[in-house]
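**Q** Just passing along the structure, written as structure tokens.
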2 protein chains.
Amino acid sequence: MTAAHFNKEKGSQLKLFTPGPVHVPERVLRELAKPNDTHRSKPYSEMHQMATEGLQKLLYTKNECLIFTSSATGIMEACVRNLVKEDEKGLFFSIGAFGDRWYEIGETNGKNSKKEGVEWGKPITPEFAQEALNKDKYAVAFIQANETSTGVYNPIEKLAPIIKDSGALLCVDATSSMAGVKIEVDKLDIDVCLASVQKCFAVPPGLAVCSISDAAVEKAKQVKNRGLYFDFIDLYKRHVAKHQTPTTPPIPQIRGLTAQLDYILNIEGLEKRFERHEKLGKQTREWAKNIDLEMFPENGYESNTVSTIKNSLDLDIPKMVSMLLEESYRIVNGYGDLVNKTFRIGHMGEIQIKDLEEMLKVLGDIIKTLK
Amino acid sequence: MTAAHFNKEKGSQLKLFTPGPVHVPERVLRELAKPNDTHRSKPYSEMHQMATEGLQKLLYTKNECLIFTSSATGIMEACVRNLVKEDEKGLFFSIGAFGDRWYEIGETNGKNSKKEGVEWGKPITPEFAQEALNKDKYAVAFIQANETSTGVYNPIEKLAPIIKDSGALLCVDATSSMAGVKIEVDKLDIDVCLASVQKCFAVPPGLAVCSISDAAVEKAKQVKNRGLYFDFIDLYKRHVAKHQTPTTPPIPQIRGLTAQLDYILNIEGLEKRFERHEKLGKQTREWAKNIDLEMFPENGYESNTVSTIKNSLDLDIPKMVSMLLEESYRIVNGYGDLVNKTFRIGHMGEIQIKDLEEMLKVLGDIIKTLK
């Protein structure tokens with residue numbers, strides 16, 4: 001259905017193959033244009049409940065899920081402010097720009113912060129994690145599941161038990177993987193698993209969500225100077241008591257999310273969705289290999305939602321992006337230090353195999369003229 | 001045009017006469033359903049520039065205007081974190097629930113905070129402000145223009161010069177007045193003038209905006225522990241350099257805001273818009289007087305965007321609200337401690353005189369049956 005929808009629009013609008021904001025199906029866009037009731041009304045509370053219960057199913061968790069009027073960075077800041085006490089230390093694992101950002105959030109919030117990073121393109125390995133944890137006593141560990149800059153997927157299933165064994169709380173930034181890659185929150189005992197909705201959910205930006213464990217809620221109660229806007233306790237209380245938020249939420253995006261969760265859980269199905277993203281990743285990597293382009297991530301750790309591809313053919317990346325734009329497709333240059341050294345293709349949300357194939361064919365033809 | 005539009009929908013959807021989120025015209029809702037490009041694209045930057053330049057005209061200011069992915073409360077927290085140093089004091093003038101909230105933000109962010117409040121229903125007078133400022137040395141003063149809980153409008157034009165004379169920076173929460181009531185930022189020398197868009201702008205919630213003075217930007221540079229998400233410097237730099245935001249913004253609401261600013265500035269016109277809100281306020285107060293309902297605010301300080309009306313007839317407010325809902329109109333009960341002691345009618349955004357008259361007639365009939 002989405003493939004048909006997607007193709008229907010060909011020529012009439014830009015098709016985003018970006019690492020977010022991503023292409024949003026018309027059926028979701030239409031949800032945003034529906035008239036709103038207030039955020040203290042029964043219809044709102046019902047929608048809020050549907051959205052957060054849907055998130056619980058998506059994340060295989062009994063933990064409550066919270067709604068934030070912010071980007072994912074807002075919840076990253078919330079984790080730092082709510083979970084690290086003055087006399088405690090936070091450990092920030094970094095494999096790229098967003099790991100570095102989380103560490104910067106720790107620093108700029110005056111928290112005792114330690115960064116343990118690896119060369120960009122590499123993942124955090126279990127050995128590296130264990131060694132880092134052995135160095136000191138950390139109250140909370142922060143880590144990306146999928147690093148949107150390098151296109152590396154951390155082996156989070158292996159890392160979570162090691163981190164939790166150390167006694168630290170575990171916060172996972174699943175921004176560009178939640179709803180595209182399976183993350184079993186309860187099985188991995190993740191305390192906060194967060195994301196924004198403009199990535200694998202295929203909802204327009206302006207809303208971020210997370211699951212939160214009882215342990216995280218209890219910990220927050222002991223932390224001073226949490227502020228008001230991102231206070232986990234306030235958000236949690238209002239959510240549990242009334243299925244509401246303390247301040248006015250982005251109602252249009254929540255309606256979009258509710259519709260998408262229904263689609264994901266009841267129409268496409270979780271397993272099929274995760275399989276589709278696996279195929280999208282694999283197909284992109286095969287395409288790259290066939291035209292002699294290398295992947296930036298270390299072999300075996302490539303993301304299935306965003307492919308960061310090395311500019312091993314020494315292409316004029318801005319020109320390539322611009323030529324593809326003329327064909328109504330958008331991909332993006334590398335992030336930060338990786339600009340022109342890499343480029344990125346986002347293949348998440350509602351992008352179907354056929355959509356990807358069509359775009360890659362056009363991009364392949366452009367690359368031939370640029371080589 | 002909007003009146004016709006509004007009436008056309010009669011019976012087909014709920015009509016909000018709320019203090020926000022308010023009724024949104026279909027033409028604005030449609031903006032939210034348009035496909036998005038990314039927040040690093042030229043089309044986004046152009047839209048961002050249009051929106052922020054429109055805000056400058058609306059606020060009669062040369063100060064830069066910033067875009068936040070948050071509710072207005074987020075910018076209230078940003079003001080506290082960015083402008084008050086550790087060894088300084090903030091003065092929070094409070095005339096109701098949102099003044100109390102700002103003070104709470106000061107406290108929960110560990111800032112040295114002093115609240116100077118008056119009995120709910122009363123405004124801050126110039127004498128009261130002067131006396132409060134004489135008591136101590138304050139680095140920043142925080143005050144509501146319009147207090148959404150009590151329906152009181154502070155005499156901000158008289159208060160601003162007194163506050164600025166004390167040497168304090170001035171932050172004004174204009175949440176339920178910006179785009180409905182004239183606020184001349186440069187004339188009053190307001191350092192931060194903030195609002196969310198789901199009130200007088202008549203845009204769905206999920207976006208907040210502010211003007212920021214050079215003095216506020218310079219001050220922020222000296223303040224430690226500003227965090228990352230609400231860092232004025234980061235937001236300001238990216239805005240000035242690229243007409244962008246540091247993190248992903250709520251693109252649909254920004255598109256709605258851009259359309260509304262065009263409508264406000266170029267179709268309705270600023271003066272006409274402010275006059276219309278004056279008339280809406282006056283008309284509501286006359287209606288209340290005619291059926292022996294008293295206004296909650298002190299005479300002369302009633303808001304023209306939200307009327308808080310005393311329950312002087314001892315009405316069953318929840319029943320009244322519910323009966324009106326059956327007629328497809330929503331008004332709301334009193335806020336916090338004022339529940340059942342007052343009720344509130346919002347008359348801001350795109351509500352026309354004729355719309356208000358129709359609703360008030362229906363409400364008047366309901367009140368007759370309840371007396």
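Here, A, B, ... name the chains of the structure tokens in the order displayed, residue numbers run from 1 inside each chain, and ligands are numbered from 1 in the same displayed order.
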Using only C-alpha atoms, determine which residues lie at most 8 Å from Leu83 in chain B, disregarding the query and same-chain residues fewer than 5 positions distant; provide the list as a PyMOL selection string.
**A** chain B and resi 140+216+219-220+223
**Q** Write out, as an mmCIF file, in the first residue's frame, the residues just selected, with N, CA, C and O atoms.
**A**
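Saved as selection_39.cif:
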data_model
loop_
_atom_site.group_PDB
_atom_site.id
_atom_site.type_symbol
_atom_site.label_atom_id
_atom_site.label_comp_id
_atom_site.auth_asym_id
_atom_site.auth_seq_id
_atom_site.Cartn_x
_atom_site.Cartn_y
_atom_site.Cartn_z
ATOM 1 N N VAL B 140 17.625 39.629 36.789
ATOM 2 C CA VAL B 140 16.593 39.407 35.773
ATOM 3 C C VAL B 140 15.218 39.448 36.441
ATOM 4 O O VAL B 140 15.054 38.929 37.553
ATOM 5 N N ALA B 216 20.635 40.234 26.155
ATOM 6 C CA ALA B 216 20.351 38.883 26.657
ATOM 7 C C ALA B 216 21.358 37.883 26.093
ATOM 8 O O ALA B 216 21.836 36.991 26.804
ATOM 9 N N LYS B 219 24.603 38.425 27.882
ATOM 10 C CA LYS B 219 24.507 37.919 29.253
ATOM 11 C C LYS B 219 24.647 36.392 29.275
ATOM 12 O O LYS B 219 25.379 35.837 30.101
ATOM 13 N N ALA B 220 23.959 35.735 28.345
ATOM 14 C CA ALA B 220 23.982 34.265 28.306
ATOM 15 C C ALA B 220 25.416 33.744 28.187
ATOM 16 O O ALA B 220 25.764 32.720 28.787
ATOM 17 N N VAL B 223 26.934 33.052 31.488
ATOM 18 C CA VAL B 223 26.265 32.148 32.424
ATOM 19 C C VAL B 223 26.711 30.711 32.176
ATOM 20 O O VAL B 223 26.655 30.221 31.047
#
**Q** For range 11-23 of chain A, please output as a PDB file with C-alpha atoms, in the first residue's frame all residues within 9 Å (counting only C-alpha atoms; exclusion window: fewer than 4 positions along the same chain).
**A**
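Final file, around-v4.pdb:
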ATOM      1  CA  PHE A   6       4.815   6.401  -2.714  1.00  0.00           C
ATOM      2  CA  ASN A   7       5.078   5.809  -6.426  1.00  0.00           C
ATOM      3  CA  THR A 148      23.052   8.520  12.605  1.00  0.00           C
ATOM      4  CA  SER A 149      26.339  10.186  11.623  1.00  0.00           C
ATOM      5  CA  SER A 176      17.183   6.357  14.147  1.00  0.00           C
ATOM      6  CA  VAL A 197       9.330  10.391  15.554  1.00  0.00           C
ATOM      7  CA  GLN A 198      10.748  11.845  12.312  1.00  0.00           C
ATOM      8  CA  LYS A 199      12.944   8.817  11.684  1.00  0.00           C
ATOM      9  CA  CYS A 200      11.667   5.211  11.529  1.00  0.00           C
ATOM     10  CA  PHE A 201       8.155   6.216  12.661  1.00  0.00           C
ATOM     11  CA  ALA A 202       7.743   8.342   9.494  1.00  0.00           C
ATOM     12  CA  VAL A 203       5.920  11.108  11.357  1.00  0.00           C
ATOM     13  CA  PRO A 204       6.847  14.792  10.862  1.00  0.00           C
ATOM     14  CA  PRO A 205       9.266  16.225  13.462  1.00  0.00           C
ATOM     15  CA  THR A 305      18.210   2.324   8.621  1.00  0.00           C
ATOM     16  CA  VAL A 306      20.926   4.657   7.361  1.00  0.00           C
ATOM     17  CA  SER A 307      23.857   3.760   5.101  1.00  0.00           C
ATOM     18  CA  LEU A 325      17.603  16.418  -6.288  1.00  0.00           C
ATOM     19  CA  GLU A 327      15.308  13.840 -10.131  1.00  0.00           C
ATOM     20  CA  SER A 328      13.212  14.606  -6.998  1.00  0.00           C
ATOM     21  CA  TYR A 329      15.215  12.436  -4.620  1.00  0.00           C
ATOM     22  CA  ARG A 330      17.083  13.769  -1.606  1.00  0.00           C
ATOM     23  CA  ILE A 331      20.038  12.018   0.003  1.00  0.00           C
ATOM     24  CA  VAL A 332      22.529  13.862   2.213  1.00  0.00           C
ATOM     25  CA  ARG A 344      24.322   9.046   3.582  1.00  0.00           C
ATOM     26  CA  ILE A 345      21.236   7.284   2.298  1.00  0.00           C
ATOM     27  CA  GLY A 346      18.352   7.001   4.728  1.00  0.00           C
ATOM     28  CA  HIS A 347      16.131   3.946   4.204  1.00  0.00           C
ATOM     29  CA  MET A 348      13.709   3.896   7.068  1.00  0.00           C
ATOM     30  CA  GLY A 349      10.085   4.512   7.918  1.00  0.00           C
ATOM     31  CA  GLU A 350       7.721   3.714   5.056  1.00  0.00           C
ATOM     32  CA  ILE A 351      10.285   3.332   2.286  1.00  0.00           C
ATOM     33  CA  LEU A 356      14.767   2.134  -2.804  1.00  0.00           C
ATOM     34  CA  MET A 359      16.184   5.665  -6.339  1.00  0.00           C
TER      35      MET A 359
ATOM     36  CA  PRO B  35       5.131  17.245   2.736  1.00  0.00           C
ATOM     37  CA  ASN B  36       8.333  18.307   4.468  1.00  0.00           C
ATOM     38  CA  ASP B  37      11.866  18.775   3.290  1.00  0.00           C
ATOM     39  CA  THR B  38      14.666  18.377   5.866  1.00  0.00           C
ATOM     40  CA  HIS B  39      15.586  21.043   8.408  1.00  0.00           C
ATOM     41  CA  THR B 248      15.235  19.223  14.473  1.00  0.00           C
TER      42      THR B 248
END
**Q** Residues of chain B within 6 Å of chain A, using only C-alpha atoms, as a VMD selection string?
**A** chain B and resid 21 29 to 30 32 to 33 38 69 to 70 74 105 108 to 110 205 to 206 225 227 to 229 249 to 250
**Q** Find the residues around Glu275 in chain B up to 9 Å (only C-alpha atoms counted), leave out those fewer than 5 positions away in its own chain, and share them as a list of chain:residue names.
**A** B:Gly180, B:Val181, B:Leu270, B:Leu280
**Q** Quick one: residues within 6 Å of range 157-173 of chain A, only C-alpha atoms, excluding same-chain residues fewer than 2 positions away - as a PyMOL selection string?
**A** chain A and resi 126+138-145+155+175+188+190-194
**Q** How far is it from CA of Ile367 in chain B to CA of Ala97 in chain B, in Å with one decimal?
**A**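 Taking CA of Ile367 in chain B and CA of Ala97 in chain B, their separation equals 27.2 Å.
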**Q** For range 281-298 of chain A, please output as a ChimeraX atom specification all residues within 6 Å (counting only C-alpha atoms; exclusion window: fewer than 4 positions along the same chain).
**A** /A:121-122,152,302,304,308-310,312
**Q** List as a list of chain:residue names the protein and nucleic acid residues near Pro318 in chain A, meaning an atom at most 10 Å away when only C-alpha atoms are counted, but skip any in the same chain fewer than 5 places from it.
**A** A:Met323, A:Leu324, A:Val332, A:Asn333, A:Val339, A:Asn340, A:Phe343
**Q** Pick the closest to Asp136 in chain B from B:Leu91, B:Leu313, B:Ile124, B:Leu59: which is it, counting only C-alpha atoms?
**A**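 Looking only at the distances to Asp136 in chain B, the closest residue turns out to be B:Leu91.
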**Q** Find the residues near Ile366 in chain A: any atom within 7 Å, counting only C-alpha atoms, skip ones fewer than 4 places away on the same chain, and give them as a ChimeraX atom specification.
**A** /A:320,362,370
**Q** Please produce a file of those selected residues containing N, CA and C atoms, as a PDB file, in the first residue's frame.
**A**
ATOM      1  N   MET A 320      26.616  15.534  -6.791  1.00  0.00           N
ATOM      2  CA  MET A 320      25.820  14.306  -6.877  1.00  0.00           C
ATOM      3  C   MET A 320      24.466  14.491  -6.178  1.00  0.00           C
ATOM      4  N   VAL A 362      18.613   5.434 -10.251  1.00  0.00           N
ATOM      5  CA  VAL A 362      18.850   6.814 -10.693  1.00  0.00           C
ATOM      6  C   VAL A 362      20.192   7.313 -10.157  1.00  0.00           C
ATOM      7  N   LEU A 370      29.693  10.853 -13.087  1.00  0.00           N
ATOM      8  CA  LEU A 370      30.601  11.647 -12.244  1.00  0.00           C
ATOM      9  C   LEU A 370      31.975  10.997 -12.067  1.00  0.00           C
TER      10      LEU A 370
END
**Q** CA of Ile353 in chain B to CA of Tyr335 in chain B: how many Å, to one decimal?
**A**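 Spanning CA of Ile353 in chain B to CA of Tyr335 in chain B is a straight-line distance of 25.1 Å.
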